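Q: Please see the structure below; I have some questions.
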Amino acid sequence: MNAAANLTRARVIRISGPTVTATGLAGAQMYEVVRVGELGLVGEVVRLIGDRATIQVYEDTTMLKPGAPVQPTGAPLSVWLGPGLVGNIYDGIQRPLPGIQAHSGPWIQRGEKIPALDTARRWTFEPLVRAGATVTAGQAVGQVAETPLVKHRIMAPPAVSGRVHSIVSQGEYALCDRVAVVETPAGPREITLLQTWPVRMARPIRERLRITEPLITGQRIIDTFFPIGKGGAAAIPGGFGTGKTITQHQLAKWSDAEIIVFIGCGERGNEMTDVLREFPGLQDPRSGRPLMDRTILIANTSNMPVAAREVSIYTGITLAEYYRDMGLNVAVFADSTSRWAEALRELAARLEEMPAEEGFPATLPTRLAQFYERGGAVTTLAGERGSVSIVGAVSPPGGDFSEPVTQHTRRFIRCFWALDTELANARHYPSIHWLRSYSDYVEDVSAWWLKQAPDWSELRTEALTLLQREERLQQIVKLVGTDVLPDAQRLILFVAEILKDGFLAQSAFDKNDMYCTAERQIALLRIILTLHRRGRDLIQAGMPLARLRGLSCVPQVLRAKSAFGNHQPEKLAELEKRLGEELNALGKEFSRKTQ
């Protein structure tokens, strides 16, 4: 009684931006959610000393005064999990932005309380087990058609297993309606369509698995040269204007994950507006359905409260883990983790924590690890395979990859797509530099690729070697020009330019080129490297490079990526055949002249 009375007398005594100090909270717990002020602003306890608590408020604290009441809730910051997540747009603490707009207009009001999911909407529930059956934690007891692309499984919560005492028949049910009762050792537990889960706690799994399958993104430089596995972690670092956001947009649009979670944490409002306007009109290349039928958007822009930016990535990764537990492959895109780290720095300064490198808190590596390590390919509690792939954009000031966020991120990821300012200035997109990037997933996914194309590894190695040799030759060219080079070396420069323009560069606005299937990627690369191999043999035999450059099909090789779509593999086969015929004819003509 005394503890409860003390909690009701909790009051604000100090305010510093989003950080509030309150007294009278002796019974509170770390990371407990509290309501601050008359408006009930959402906050989270981040420090406890006696009966004094430091609270991180996720809303604007303007006009909040000392003496304002603080009301604990007794629960940590949690998200709602259930049908209706897919296709929705949330802020960093899972407030639905469409619902807020319909209720209050275009501006989020302080203390706005809108349920994360529509509790009145009724869903068609289809039972998957019968009364008397035994269910384990994480096992689906039924399913709901959330969208035409997503069968939403209603799972037993992680701590619930036992005999099904009762289950409803197929019909229409709201989120809070009871659909099953499970007899557990602790007593009967009701299962509804709605669950909750603390965002800072990883959902449990049975075991982690080795990554064996690539996440196909439709972007040639990524899939062919620097692949990421399903369940992998990657970073996209780059300076201002190098195309981080548009690259993540492309990956979110076309990657073959079943669920996409896009987190805009701290990005400019106009960039996030482009996402919110563009995604609903996009079409999934595999199903022909709207892309939003498998996408969740979390928008926490730079003008929103900084504390909510810090928690937004935990909100996103928790939603991703929930769908992973259904046996789905989920891809999470965070744009950008640098803005998230800046939020950590600001909050740490207000908490008077000791700063480390460049003012970032000493816990920055730990916080990055906590985020990236929640990805992975796993066996779920129900025994199914699922995965969460994480791609985080990094915005180093001035494009300096030696700054702390980039360096610490490299410790926890295995795929590094380095964006280059010179490539971006030359309008070469995606501006991923082929010599500064790497992927440690190549061996993991090689078995999958070899089934698609037995010569994939050979082609990839040959192309990267060619680009490395071209880089060294460019150093000589800058000093003495190309005219002094022998034709064999000028051939390398010639084919490398075709490789860069005709394969690595990819337009996000070209209908045929914005998405490239794995089969077409290999076909394009094989054609370009055929030109190099056969051309090298002819030049070694004494043929001048000018004759090779003059072949009529060379411009067609350069334009093939845009001229032929994914549904025209026969056109690429015809081009490869025509290239071989022209090279054969050129070789025979040269042989006659030299005899």
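Here, A, B, ... name the chains of the structure tokens in the order displayed, residue numbers run from 1 inside each chain, and ligands are numbered from 1 in the same displayed order.
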Got a sec to tell me which of stretch 299-477 of chain A DSSP assigns to strand (DSSP E or B), as an MDAnalysis selection string?
A: chainID A and resid 299:300 329:335 355 361 376:379 385:394 415:416 419 432 438:439
Q: Dump as a Markdown table the rows for residues of stretch 169-256 of chain A within 6 Å of stretch 379-390 of chain A: closest atom pair and distance in Å with one decimal, only C-alpha atoms counted, ordered by chain and rising residue number.
A:
| residue | atom | partner | partner_atom | distance |
| --- | --- | --- | --- | --- |
| A:Ile205 | CA | A:Thr380 | CA | 4.9 |
| A:Arg206 | CA | A:Leu381 | CA | 5.1 |
| A:Glu207 | CA | A:Thr379 | CA | 5.3 |
| A:Lys230 | CA | A:Ser389 | CA | 5.7 |
| A:Gly231 | CA | A:Ser389 | CA | 4.2 |
| A:Gly232 | CA | A:Ser389 | CA | 4.9 |
| A:Ala233 | CA | A:Ile390 | CA | 4.7 |
Q: One number please: atom CA of A:Pro361 to atom CA of A:Leu297, in Å, one decimal.
A: 28.2 Å
Q: Excluding stretch 550-567 of chain A and its own-chain neighbours fewer than 2 positions away, which residues fall within 7 Å of it when counting only C-alpha atoms? Please give them as an mmCIF file with N, CA, C and O atoms, in the first residue's frame.
A:
data_model
loop_
_atom_site.group_PDB
_atom_site.id
_atom_site.type_symbol
_atom_site.label_atom_id
_atom_site.label_comp_id
_atom_site.auth_asym_id
_atom_site.auth_seq_id
_atom_site.Cartn_x
_atom_site.Cartn_y
_atom_site.Cartn_z
ATOM 1 N N ILE A 498 33.005 -1.384 -70.381
ATOM 2 C CA ILE A 498 31.740 -2.055 -70.715
ATOM 3 C C ILE A 498 31.157 -2.727 -69.472
ATOM 4 O O ILE A 498 29.949 -2.670 -69.223
ATOM 5 N N GLY A 502 27.818 -1.365 -68.568
ATOM 6 C CA GLY A 502 26.815 -2.303 -69.054
ATOM 7 C C GLY A 502 26.377 -3.346 -68.048
ATOM 8 O O GLY A 502 25.435 -4.102 -68.310
ATOM 9 N N ASN A 512 13.180 -1.926 -67.571
ATOM 10 C CA ASN A 512 13.833 -3.218 -67.786
ATOM 11 C C ASN A 512 15.003 -3.449 -66.844
ATOM 12 O O ASN A 512 15.411 -4.593 -66.616
ATOM 13 N N ASP A 513 15.588 -2.348 -66.321
ATOM 14 C CA ASP A 513 16.855 -2.473 -65.618
ATOM 15 C C ASP A 513 16.740 -2.312 -64.104
ATOM 16 O O ASP A 513 17.671 -2.649 -63.381
ATOM 17 N N CYS A 516 16.806 -7.005 -61.804
ATOM 18 C CA CYS A 516 17.456 -7.968 -62.690
ATOM 19 C C CYS A 516 17.477 -9.336 -62.004
ATOM 20 O O CYS A 516 18.019 -9.484 -60.899
ATOM 21 N N THR A 517 16.887 -10.334 -62.644
ATOM 22 C CA THR A 517 16.865 -11.679 -62.077
ATOM 23 C C THR A 517 18.269 -12.270 -62.055
ATOM 24 O O THR A 517 19.170 -11.825 -62.772
ATOM 25 N N ARG A 520 19.386 -13.455 -65.502
ATOM 26 C CA ARG A 520 19.797 -12.407 -66.443
ATOM 27 C C ARG A 520 21.130 -11.789 -66.020
ATOM 28 O O ARG A 520 21.926 -11.383 -66.874
ATOM 29 N N ALA A 546 41.517 -1.960 -82.489
ATOM 30 C CA ALA A 546 40.524 -1.169 -83.224
ATOM 31 C C ALA A 546 39.536 -2.067 -83.962
ATOM 32 O O ALA A 546 38.351 -1.725 -84.081
ATOM 33 N N ARG A 547 40.007 -3.205 -84.485
ATOM 34 C CA ARG A 547 39.108 -4.118 -85.195
ATOM 35 C C ARG A 547 38.070 -4.710 -84.230
ATOM 36 O O ARG A 547 36.907 -4.886 -84.597
ATOM 37 N N LEU A 548 38.518 -4.999 -83.009
ATOM 38 C CA LEU A 548 37.609 -5.567 -82.018
ATOM 39 C C LEU A 548 36.566 -4.534 -81.571
ATOM 40 O O LEU A 548 35.382 -4.848 -81.433
ATOM 41 N N PRO A 569 14.960 -13.987 -71.934
ATOM 42 C CA PRO A 569 16.283 -14.639 -71.890
ATOM 43 C C PRO A 569 16.762 -15.086 -73.262
ATOM 44 O O PRO A 569 17.970 -15.157 -73.506
ATOM 45 N N LYS A 571 16.617 -13.440 -75.971
ATOM 46 C CA LYS A 571 17.285 -12.324 -76.637
ATOM 47 C C LYS A 571 18.758 -12.252 -76.229
ATOM 48 O O LYS A 571 19.632 -11.991 -77.079
ATOM 49 N N LEU A 579 27.541 -12.495 -80.954
ATOM 50 C CA LEU A 579 28.885 -12.054 -80.586
ATOM 51 C C LEU A 579 29.914 -13.121 -80.945
ATOM 52 O O LEU A 579 30.982 -12.815 -81.506
#
Q: Of the candidates A:Trp340, A:Tyr323, A:Phe262, A:Phe333, which shows the shortest atom-to-atom distance to A:Glu310, using only C-alpha atoms?
A: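 Of the candidates, the smallest distance to A:Glu310 is held by A:Trp340.
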Q: Measuring atom to atom with only C-alpha atoms, identify which of A:Ile216, A:Leu41, A:Leu276, A:Ala133 is nearest to A:Trp448.
A: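 Closest residue, counting only C-alpha atoms: A:Ile216.
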Q: Ranking A:Arg200, A:Lys244, A:Arg410, A:Arg122 by minimum distance to A:Ile317 and counting only C-alpha atoms, which one comes first?
A: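 Of all the options, A:Arg200 lies closest to A:Ile317.
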Q: Near stretch 99-102 of chain A, within 10 Å and counting only C-alpha atoms, which residues show up once chain neighbours fewer than 6 positions away are dropped, as an mmCIF file with N, CA, C and O atoms, in the first residue's frame?
A:
data_model
loop_
_atom_site.group_PDB
_atom_site.id
_atom_site.type_symbol
_atom_site.label_atom_id
_atom_site.label_comp_id
_atom_site.auth_asym_id
_atom_site.auth_seq_id
_atom_site.Cartn_x
_atom_site.Cartn_y
_atom_site.Cartn_z
ATOM 1 N N ASN A 88 0.920 -1.136 -42.768
ATOM 2 C CA ASN A 88 0.711 0.014 -41.897
ATOM 3 C C ASN A 88 1.966 0.874 -41.827
ATOM 4 O O ASN A 88 3.059 0.442 -42.191
ATOM 5 N N ILE A 89 1.805 2.102 -41.325
ATOM 6 C CA ILE A 89 2.904 3.046 -41.163
ATOM 7 C C ILE A 89 2.881 3.522 -39.716
ATOM 8 O O ILE A 89 1.863 4.016 -39.228
ATOM 9 N N TYR A 90 4.027 3.368 -39.019
ATOM 10 C CA TYR A 90 4.112 3.706 -37.606
ATOM 11 C C TYR A 90 5.197 4.743 -37.358
ATOM 12 O O TYR A 90 6.108 4.916 -38.176
ATOM 13 N N ILE A 108 1.027 15.301 -35.261
ATOM 14 C CA ILE A 108 0.897 14.426 -34.096
ATOM 15 C C ILE A 108 0.766 15.292 -32.851
ATOM 16 O O ILE A 108 1.658 16.095 -32.546
ATOM 17 N N GLN A 109 -0.331 15.135 -32.155
ATOM 18 C CA GLN A 109 -0.556 15.894 -30.931
ATOM 19 C C GLN A 109 0.163 15.232 -29.756
ATOM 20 O O GLN A 109 0.278 14.013 -29.683
ATOM 21 N N GLU A 112 -0.914 11.913 -27.742
ATOM 22 C CA GLU A 112 -1.840 11.202 -28.642
ATOM 23 C C GLU A 112 -1.852 9.718 -28.300
ATOM 24 O O GLU A 112 -0.805 9.078 -28.208
ATOM 25 N N LYS A 113 -3.029 9.157 -28.131
ATOM 26 C CA LYS A 113 -3.148 7.742 -27.770
ATOM 27 C C LYS A 113 -4.070 7.064 -28.783
ATOM 28 O O LYS A 113 -5.293 7.084 -28.637
ATOM 29 N N ILE A 114 -3.461 6.483 -29.791
ATOM 30 C CA ILE A 114 -4.186 5.737 -30.825
ATOM 31 C C ILE A 114 -3.693 4.298 -30.776
ATOM 32 O O ILE A 114 -2.476 4.059 -30.797
ATOM 33 N N PRO A 115 -4.572 3.289 -30.691
ATOM 34 C CA PRO A 115 -4.095 1.893 -30.665
ATOM 35 C C PRO A 115 -3.253 1.564 -31.890
ATOM 36 O O PRO A 115 -3.538 2.027 -33.006
ATOM 37 N N ALA A 116 -2.213 0.771 -31.687
ATOM 38 C CA ALA A 116 -1.324 0.405 -32.792
ATOM 39 C C ALA A 116 -2.061 -0.408 -33.853
ATOM 40 O O ALA A 116 -1.709 -0.361 -35.037
ATOM 41 N N LEU A 117 -3.068 -1.164 -33.451
ATOM 42 C CA LEU A 117 -3.856 -1.977 -34.380
ATOM 43 C C LEU A 117 -5.337 -1.689 -34.152
ATOM 44 O O LEU A 117 -5.751 -1.314 -33.048
ATOM 45 N N ASP A 118 -6.111 -1.887 -35.181
ATOM 46 C CA ASP A 118 -7.551 -1.630 -35.123
ATOM 47 C C ASP A 118 -8.231 -2.769 -34.349
ATOM 48 O O ASP A 118 -8.380 -3.883 -34.866
#
Q: Give one line per residue of stretch 440-475 of chain A that approaches stretch 524-543 of chain A to at most 8 Å, naming the two atoms of the closest pair and their distance in Å to one decimal, counting only C-alpha atoms; sort by chain then ascending residue number and deliver it as CSV.
A:
residue,atom,partner,partner_atom,distance
A:Leu459,CA,A:Arg526,CA,7.0
A:Glu462,CA,A:Leu529,CA,8.0
A:Ala463,CA,A:Leu529,CA,7.3
Q: Name the residues of stretch 91-296 of chain A that come out as alpha helix (DSSP H) in a backbone DSSP run; write them as a count of residues only.
A: 30
Q: For A:Gly142, work out the shell of residues within 8 Å, counting only C-alpha atoms and skipping chain neighbours fewer than 5 positions away, then give it as a list of chain:residue names.
A: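 The residues satisfying every condition are A:Phe125, A:Glu126, A:Pro127, A:Leu128, A:Val129, A:Arg153, A:Ile154, A:Met155.
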Q: Between stretch 174-217 of chain A and stretch 68-82 of chain A, at 12 Å or less, what are the per-residue closest atom pairs and their distances in Å? Count only C-alpha atoms, order by chain and rising residue number, and return it as JSON lines.
A:
{"residue": "A:Ala174", "atom": "CA", "partner": "A:Gly82", "partner_atom": "CA", "distance": 10.5}
{"residue": "A:Leu175", "atom": "CA", "partner": "A:Gly82", "partner_atom": "CA", "distance": 7.3}
{"residue": "A:Cys176", "atom": "CA", "partner": "A:Gly82", "partner_atom": "CA", "distance": 10.0}
{"residue": "A:Ile191", "atom": "CA", "partner": "A:Gly82", "partner_atom": "CA", "distance": 11.6}
{"residue": "A:Thr192", "atom": "CA", "partner": "A:Gly82", "partner_atom": "CA", "distance": 9.0}
{"residue": "A:Leu193", "atom": "CA", "partner": "A:Gly82", "partner_atom": "CA", "distance": 5.8}
{"residue": "A:Leu194", "atom": "CA", "partner": "A:Gly82", "partner_atom": "CA", "distance": 4.8}
{"residue": "A:Gln195", "atom": "CA", "partner": "A:Leu81", "partner_atom": "CA", "distance": 5.0}
{"residue": "A:Thr196", "atom": "CA", "partner": "A:Trp80", "partner_atom": "CA", "distance": 4.7}
{"residue": "A:Trp197", "atom": "CA", "partner": "A:Ser78", "partner_atom": "CA", "distance": 5.0}
{"residue": "A:Pro198", "atom": "CA", "partner": "A:Ser78", "partner_atom": "CA", "distance": 4.0}
{"residue": "A:Val199", "atom": "CA", "partner": "A:Ser78", "partner_atom": "CA", "distance": 5.3}
{"residue": "A:Arg200", "atom": "CA", "partner": "A:Leu77", "partner_atom": "CA", "distance": 7.9}
{"residue": "A:Met201", "atom": "CA", "partner": "A:Ser78", "partner_atom": "CA", "distance": 9.4}
{"residue": "A:Ala202", "atom": "CA", "partner": "A:Ser78", "partner_atom": "CA", "distance": 11.8}
Q: Save out the residues we just selected, C-alpha atoms, as a PDB file, in the first residue's frame.
A:
ATOM      1  CA  ALA A 174     -11.599  -9.158 -33.395  1.00  0.00           C
ATOM      2  CA  LEU A 175      -8.038  -8.855 -32.083  1.00  0.00           C
ATOM      3  CA  CYS A 176      -8.983  -9.221 -28.422  1.00  0.00           C
ATOM      4  CA  ILE A 191      -4.870 -17.094 -26.858  1.00  0.00           C
ATOM      5  CA  THR A 192      -6.153 -14.119 -28.825  1.00  0.00           C
ATOM      6  CA  LEU A 193      -5.182 -12.666 -32.188  1.00  0.00           C
ATOM      7  CA  LEU A 194      -3.161 -10.038 -30.307  1.00  0.00           C
ATOM      8  CA  GLN A 195       0.130 -10.413 -28.436  1.00  0.00           C
ATOM      9  CA  THR A 196       2.566  -7.925 -26.932  1.00  0.00           C
ATOM     10  CA  TRP A 197       6.350  -8.135 -26.604  1.00  0.00           C
ATOM     11  CA  PRO A 198       9.017  -5.861 -25.015  1.00  0.00           C
ATOM     12  CA  VAL A 199      11.011  -4.180 -27.766  1.00  0.00           C
ATOM     13  CA  ARG A 200      14.378  -4.407 -26.008  1.00  0.00           C
ATOM     14  CA  MET A 201      14.111  -8.179 -25.495  1.00  0.00           C
ATOM     15  CA  ALA A 202      14.928 -10.568 -28.353  1.00  0.00           C
TER      16      ALA A 202
END
Q: Counting only C-alpha atoms, which residue out of A:Trp107, A:Phe240, A:Phe360, A:Trp123 sits closest to A:Val394?
A: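 Between A:Trp107, A:Phe240, A:Phe360, A:Trp123, the residue approaching A:Val394 most closely is A:Phe240.
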Q: Nearest to A:Gln521: which of A:Leu491, A:Val391, A:Ile93, A:Ala453 is it, counting only C-alpha atoms?
A: A:Ala453
Q: A:Val141, A:Met292, A:Leu209, A:Leu149: which is nearest A:Ala180, counting only C-alpha atoms?
A: A:Val141
Q: Using only C-alpha atoms, determine which residues lie at most 10 Å from A:Thr21, disregarding the query and same-chain residues fewer than 4 positions distant; provide the list as a PyMOL selection string.
A: chain A and resi 11-16+45+47-48+52-56+66+351
